[in-house]
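For reference, the structure is listed below as structure tokens.
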Amino acid sequence: MRLFPPVLVLVIVVAGTVSVSQTPDYRDLVTLYRTSSADAVGRVAQMDNAAREAAVAEAARPDGDWTWDDLAAAAMLETDAALLHLRRGDTAGVPHLEAAERLLTRGLASAPAQISFATRWYRGMAGVLRLEGALTPAQAIDRRRWELAMRQPQFGRALDALTNGIASEYAGCVQGDFLAFAVGATLDTPEPRQFAAAARDFTDALTVDPAVLDAAVHLGRIRMLEGEDAEARRLFERAASSPSRSTAYLARLFLGGLDERDAKWDEAERRYRDAASLLPAAQAAALSLSALLDRRGLAQESTAMISGMLDRTGLRPLADPWWGYFNGLGRDPDVLLRVLRTEVSQ
């Protein structure tokens, strides 16, 4: 289905064409995107449209050999190419956006457990389109997100409960006069009513669909803030096995925070390293590990950790999942997309 009216598609102007011998290999561009997003986006945006669409069709073949990681990275590459055109005020991004959705759909066919990635993409993309004034395509994206959830009604109901729980969790932190963002923190003045409501919603989400492990992370954080460390650890351990890299990353990060708070230095270091290896382009795990190493007198290793993080992230528009912890509410769609970029980056 086209995201824009056909009349708009007809006026798309592709800036120049490239001969077959000059056409970059699409798979190489996807690989490049994972380490140098700006270079890859610029090159895919300049590809001959027919050649690019043929490459996307090859990647999306039902019997193809592209893995979920390959397809997710390709989808984000096409997303960024679409946004590059959109923010220039032209419609040449339409085929890129359609390609991104097609690649995600193909990825979900072979990796249905990655539905969290897809739903976050739909929510983030719809939000960004709204901010850019593209209300009709934003509504179309929202509708397809709803249709995706309804194809798995169990997941859809759990997602509703998760979203309600996040709203209550956020309100509980604010109304408790303590926005507890520190990893491993506890609340001196929690807001019992809001936290109790959030805990009920997160428990409901896990009951309806045990695979919605974002709910385990959020419920674990509430238990951690309430000082119920044993229950928090159980929930974080459960979430650490999530196929969603952001979910597993946050679970390992929180486990490291609990270990560090309990002076279990070796365990904390292991947890932070596990989180950092899961999302090499993220920042919070690297910063937590660097601070821990420094406190243990390993200043050289601490500095190397920060230098390595800066080398990997550079000027890329990435975001740590911790920054988007409350973004299940869709408050900042750009951060949602930036976290997805982090998940596919190396």
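Each chain in the structure tokens gets a letter, A, B, ..., in the order shown, and its residues are numbered from 1; ligands are numbered from 1 in order too.
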
Where does segment 227-283 of chain A meet segment 308-328 of chain A within 12 Å, residue by residue, with the nearest atom pair and distance in Å to one decimal for each, counting only C-alpha atoms, listed by chain and rising number, as a tab-separated table?
residue	atom	partner	partner_atom	distance
A:Ser244	CA	A:Pro321	CA	11.0
A:Arg245	CA	A:Pro321	CA	9.2
A:Ser246	CA	A:Pro321	CA	5.7
A:Thr247	CA	A:Pro321	CA	8.1
A:Ala248	CA	A:Pro321	CA	10.2
A:Tyr249	CA	A:Pro321	CA	7.8
A:Leu250	CA	A:Trp322	CA	6.8
A:Ala251	CA	A:Trp322	CA	10.4
A:Arg252	CA	A:Trp322	CA	11.6
A:Leu253	CA	A:Trp322	CA	9.1
A:Phe254	CA	A:Trp322	CA	10.1
A:Ala275	CA	A:Pro321	CA	11.1
A:Ala276	CA	A:Met309	CA	9.5
A:Ser277	CA	A:Met309	CA	11.4
A:Leu278	CA	A:Pro321	CA	11.9
A:Leu279	CA	A:Asp320	CA	8.9
A:Pro280	CA	A:Arg312	CA	7.6
A:Ala281	CA	A:Thr313	CA	5.7
A:Ala282	CA	A:Asp320	CA	5.0
A:Gln283	CA	A:Asp320	CA	5.8

- Query: Can you list, as a ChimeraX atom specification, every protein, DNA or RNA residue that comes within 12 Å of Leu129 of chain A when you count only C-alpha atoms, leaving out same-chain residues fewer than 5 positions away?
  - Reply: /A:3-4,79,82-83,86-87,89,93-94,97,121-124,134-142,333-334,337

- Task: Using only C-alpha atoms, find the one residue out of A:Ala74, A:Leu293, A:Leu159, A:Ala232 that sits nearest to Arg273 of chain A.
- Result: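 Smallest separation from Arg273 of chain A among the options: A:Leu293.
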
- Query: So which one's closest to Arg223 of chain A, A:Arg238, A:Arg331, A:Gly256, A:Ala199? Using only C-alpha atoms, please.
  - Reply: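 Checking each candidate against Arg223 of chain A, we get A:Ala199 as the closest.
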
- Quick one: everything within 12 Å of His96 of chain A, counting only C-alpha atoms, minus sequence neighbours fewer than 2 positions away in the same chain. Send it as a PyMOL selection string. chain A and resi 2-3+9+12+14+41+44-47+49-50+52-53+56+74-86+91-94+98-103

Kindly export the residues of the current selection with N, CA and C atoms, as a short mmCIF file (atom, residue, chain, number, x, y, z; two decimals), in the first residue's frame.
data_model
loop_
_atom_site.label_atom_id
_atom_site.label_comp_id
_atom_site.auth_asym_id
_atom_site.auth_seq_id
_atom_site.Cartn_x
_atom_site.Cartn_y
_atom_site.Cartn_z
N ARG A 2 0.53 2.21 -0.86
CA ARG A 2 1.31 3.44 -0.93
C ARG A 2 1.05 4.32 0.27
N LEU A 3 2.13 4.96 0.78
CA LEU A 3 1.99 5.82 1.95
C LEU A 3 1.45 7.18 1.59
N VAL A 9 3.42 10.29 -5.85
CA VAL A 9 4.46 9.36 -6.29
C VAL A 9 4.90 9.67 -7.70
N ILE A 12 7.85 12.12 -8.14
CA ILE A 12 9.15 11.83 -7.55
C ILE A 12 10.25 12.04 -8.58
N VAL A 14 14.21 11.36 -9.12
CA VAL A 14 15.42 10.72 -8.62
C VAL A 14 16.60 11.48 -9.18
N VAL A 41 23.71 6.11 4.15
CA VAL A 41 22.44 6.76 3.81
C VAL A 41 22.60 7.64 2.57
N VAL A 44 22.89 5.29 -0.53
CA VAL A 44 21.67 4.59 -0.95
C VAL A 44 20.66 5.59 -1.49
N ALA A 45 20.68 6.83 -0.99
CA ALA A 45 19.76 7.85 -1.48
C ALA A 45 20.08 8.25 -2.92
N GLN A 46 21.32 8.00 -3.35
CA GLN A 46 21.73 8.36 -4.71
C GLN A 46 21.64 7.19 -5.68
N MET A 47 21.28 6.02 -5.19
CA MET A 47 21.18 4.85 -6.08
C MET A 47 20.07 5.04 -7.09
N ASN A 49 16.81 4.25 -8.69
CA ASN A 49 15.66 3.72 -7.96
C ASN A 49 15.32 2.29 -8.38
N ALA A 50 15.41 2.00 -9.67
CA ALA A 50 15.09 0.65 -10.15
C ALA A 50 16.08 -0.37 -9.60
N ARG A 52 17.87 -0.07 -6.86
CA ARG A 52 17.67 -0.19 -5.41
C ARG A 52 16.45 -1.06 -5.10
N GLU A 53 15.37 -0.84 -5.83
CA GLU A 53 14.16 -1.63 -5.59
C GLU A 53 14.39 -3.10 -5.92
N VAL A 56 16.24 -4.49 -2.95
CA VAL A 56 15.33 -4.68 -1.81
C VAL A 56 14.48 -5.93 -2.03
N ALA A 74 18.80 -3.07 7.17
CA ALA A 74 18.37 -2.54 5.87
C ALA A 74 17.14 -1.67 6.03
N ALA A 75 16.22 -2.09 6.89
CA ALA A 75 15.01 -1.29 7.12
C ALA A 75 15.35 0.07 7.71
N MET A 76 16.29 0.12 8.62
CA MET A 76 16.68 1.41 9.21
C MET A 76 17.46 2.26 8.22
N LEU A 77 18.24 1.63 7.35
CA LEU A 77 18.94 2.36 6.29
C LEU A 77 17.91 3.03 5.37
N GLU A 78 16.90 2.28 4.97
CA GLU A 78 15.86 2.85 4.11
C GLU A 78 15.06 3.92 4.85
N THR A 79 14.83 3.71 6.14
CA THR A 79 14.13 4.71 6.95
C THR A 79 14.88 6.03 6.96
N ASP A 80 16.19 5.96 7.17
CA ASP A 80 16.98 7.18 7.22
C ASP A 80 17.07 7.87 5.86
N ALA A 81 17.09 7.07 4.79
CA ALA A 81 17.06 7.67 3.45
C ALA A 81 15.73 8.38 3.23
N ALA A 82 14.65 7.77 3.70
CA ALA A 82 13.32 8.40 3.58
C ALA A 82 13.28 9.72 4.36
N LEU A 83 13.83 9.72 5.57
CA LEU A 83 13.83 10.93 6.39
C LEU A 83 14.71 12.02 5.79
N LEU A 84 15.80 11.60 5.15
CA LEU A 84 16.68 12.57 4.49
C LEU A 84 15.89 13.36 3.45
N HIS A 85 15.11 12.68 2.64
CA HIS A 85 14.28 13.35 1.63
C HIS A 85 13.13 14.13 2.27
N LEU A 86 12.50 13.53 3.26
CA LEU A 86 11.36 14.17 3.90
C LEU A 86 11.74 15.52 4.49
N THR A 91 9.30 14.44 -2.01
CA THR A 91 8.61 13.16 -1.87
C THR A 91 9.44 11.98 -2.34
N ALA A 92 10.70 12.20 -2.62
CA ALA A 92 11.55 11.10 -3.10
C ALA A 92 11.82 10.06 -2.03
N GLY A 93 11.40 10.35 -0.80
CA GLY A 93 11.59 9.36 0.26
C GLY A 93 10.52 8.30 0.31
N VAL A 94 9.44 8.47 -0.46
CA VAL A 94 8.32 7.53 -0.40
C VAL A 94 8.76 6.09 -0.68
N GLU A 98 8.52 2.81 1.95
CA GLU A 98 7.82 1.58 1.60
C GLU A 98 8.77 0.38 1.66
N ALA A 99 10.03 0.60 1.25
CA ALA A 99 11.02 -0.48 1.31
C ALA A 99 11.31 -0.87 2.75
N ALA A 100 11.40 0.13 3.63
CA ALA A 100 11.67 -0.15 5.04
C ALA A 100 10.58 -1.04 5.62
N GLU A 101 9.34 -0.71 5.33
CA GLU A 101 8.23 -1.51 5.86
C GLU A 101 8.24 -2.91 5.26
N ARG A 102 8.57 -3.01 3.99
CA ARG A 102 8.62 -4.32 3.34
C ARG A 102 9.70 -5.20 3.96
N LEU A 103 10.85 -4.61 4.24
CA LEU A 103 11.95 -5.36 4.85
C LEU A 103 11.61 -5.80 6.27
#

- Non-local contacts of Arg157 of chain A (12 Å; only C-alpha atoms; under 5 positions in same chain excluded) as a PyMOL selection string: chain A and resi 146+149-152+162-164+201-202+204-210+212

Hey, can you spit out that residue selection with N, CA and C atoms as an mmCIF file, in the first residue's frame?
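Result file follows (selection.cif):
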data_model
loop_
_atom_site.group_PDB
_atom_site.id
_atom_site.type_symbol
_atom_site.label_atom_id
_atom_site.label_comp_id
_atom_site.auth_asym_id
_atom_site.auth_seq_id
_atom_site.Cartn_x
_atom_site.Cartn_y
_atom_site.Cartn_z
ATOM 1 N N TRP A 146 -1.583 -0.896 14.233
ATOM 2 C CA TRP A 146 -2.718 -1.502 14.906
ATOM 3 C C TRP A 146 -3.059 -2.840 14.263
ATOM 4 N N ALA A 149 -0.628 -5.482 15.399
ATOM 5 C CA ALA A 149 -0.917 -5.943 16.754
ATOM 6 C C ALA A 149 -2.144 -6.847 16.777
ATOM 7 N N MET A 150 -3.143 -6.510 15.971
ATOM 8 C CA MET A 150 -4.373 -7.296 15.967
ATOM 9 C C MET A 150 -4.181 -8.673 15.336
ATOM 10 N N ARG A 151 -3.142 -8.822 14.502
ATOM 11 C CA ARG A 151 -2.867 -10.149 13.948
ATOM 12 C C ARG A 151 -2.361 -11.087 15.033
ATOM 13 N N GLN A 152 -1.872 -10.494 16.119
ATOM 14 C CA GLN A 152 -1.475 -11.265 17.294
ATOM 15 C C GLN A 152 -2.209 -10.663 18.496
ATOM 16 N N LEU A 162 1.017 -2.906 28.942
ATOM 17 C CA LEU A 162 2.370 -2.373 29.125
ATOM 18 C C LEU A 162 2.368 -0.853 29.030
ATOM 19 N N THR A 163 1.694 -0.307 28.020
ATOM 20 C CA THR A 163 1.650 1.147 27.837
ATOM 21 C C THR A 163 0.982 1.830 29.021
ATOM 22 N N ASN A 164 -0.118 1.266 29.502
ATOM 23 C CA ASN A 164 -0.782 1.833 30.680
ATOM 24 C C ASN A 164 0.138 1.787 31.895
ATOM 25 N N ASP A 201 -0.524 -3.518 36.007
ATOM 26 C CA ASP A 201 -0.539 -3.541 34.541
ATOM 27 C C ASP A 201 0.599 -4.387 33.986
ATOM 28 N N PHE A 202 1.790 -4.245 34.548
ATOM 29 C CA PHE A 202 2.928 -5.020 34.054
ATOM 30 C C PHE A 202 2.714 -6.514 34.314
ATOM 31 N N ASP A 204 -0.211 -7.967 34.525
ATOM 32 C CA ASP A 204 -1.233 -8.376 33.560
ATOM 33 C C ASP A 204 -0.616 -8.625 32.178
ATOM 34 N N ALA A 205 0.283 -7.717 31.763
ATOM 35 C CA ALA A 205 0.922 -7.865 30.455
ATOM 36 C C ALA A 205 1.668 -9.193 30.371
ATOM 37 N N LEU A 206 2.403 -9.539 31.418
ATOM 38 C CA LEU A 206 3.171 -10.786 31.413
ATOM 39 C C LEU A 206 2.264 -12.006 31.488
ATOM 40 N N THR A 207 1.114 -11.845 32.112
ATOM 41 C CA THR A 207 0.163 -12.957 32.183
ATOM 42 C C THR A 207 -0.482 -13.213 30.827
ATOM 43 N N VAL A 208 -0.875 -12.126 30.155
ATOM 44 C CA VAL A 208 -1.520 -12.252 28.844
ATOM 45 C C VAL A 208 -0.547 -12.774 27.801
ATOM 46 N N ASP A 209 0.677 -12.235 27.796
ATOM 47 C CA ASP A 209 1.689 -12.667 26.825
ATOM 48 C C ASP A 209 3.056 -12.666 27.511
ATOM 49 N N PRO A 210 3.506 -13.814 27.980
ATOM 50 C CA PRO A 210 4.790 -13.891 28.699
ATOM 51 C C PRO A 210 5.987 -13.432 27.878
ATOM 52 N N VAL A 212 6.195 -10.634 26.261
ATOM 53 C CA VAL A 212 6.354 -9.174 26.317
ATOM 54 C C VAL A 212 7.253 -8.851 27.516
#

- Message: Would you compute the distance between atom CA of Leu235 of chain A and atom CA of Tyr272 of chain A? Give it in Å to one decimal.
- Response: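 Here the two named atoms are 17.3 Å from each other.
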
- Task: Mind giving me the straight-line distance from atom CA of Met125 of chain A to atom CA of Arg145 of chain A in Å, one decimal?
- Result: 10.4 Å

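Interatomic distance, atom CA of Gly165 of chain A against atom CA of Ala109 of chain A: 28.8 Å.
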
- Item | DSSP helix (DSSP H, G or I) residues within segment 84-245 of chain A, listed as a count of residues only | 121

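Of the residues listed (A:Leu71, A:Ala111, A:Ala51, A:Ala268), A:Ala111 shows the shortest atom-to-atom separation from Pro243 of chain A; distances use only C-alpha atoms.
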
- Would you mind telling me which residue in A:Ala57, A:Val128, A:Leu104, A:Ala72 lies nearest to Leu340 of chain A when using only C-alpha atoms?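 Of the candidates, the smallest distance to Leu340 of chain A is held by A:Ala72.
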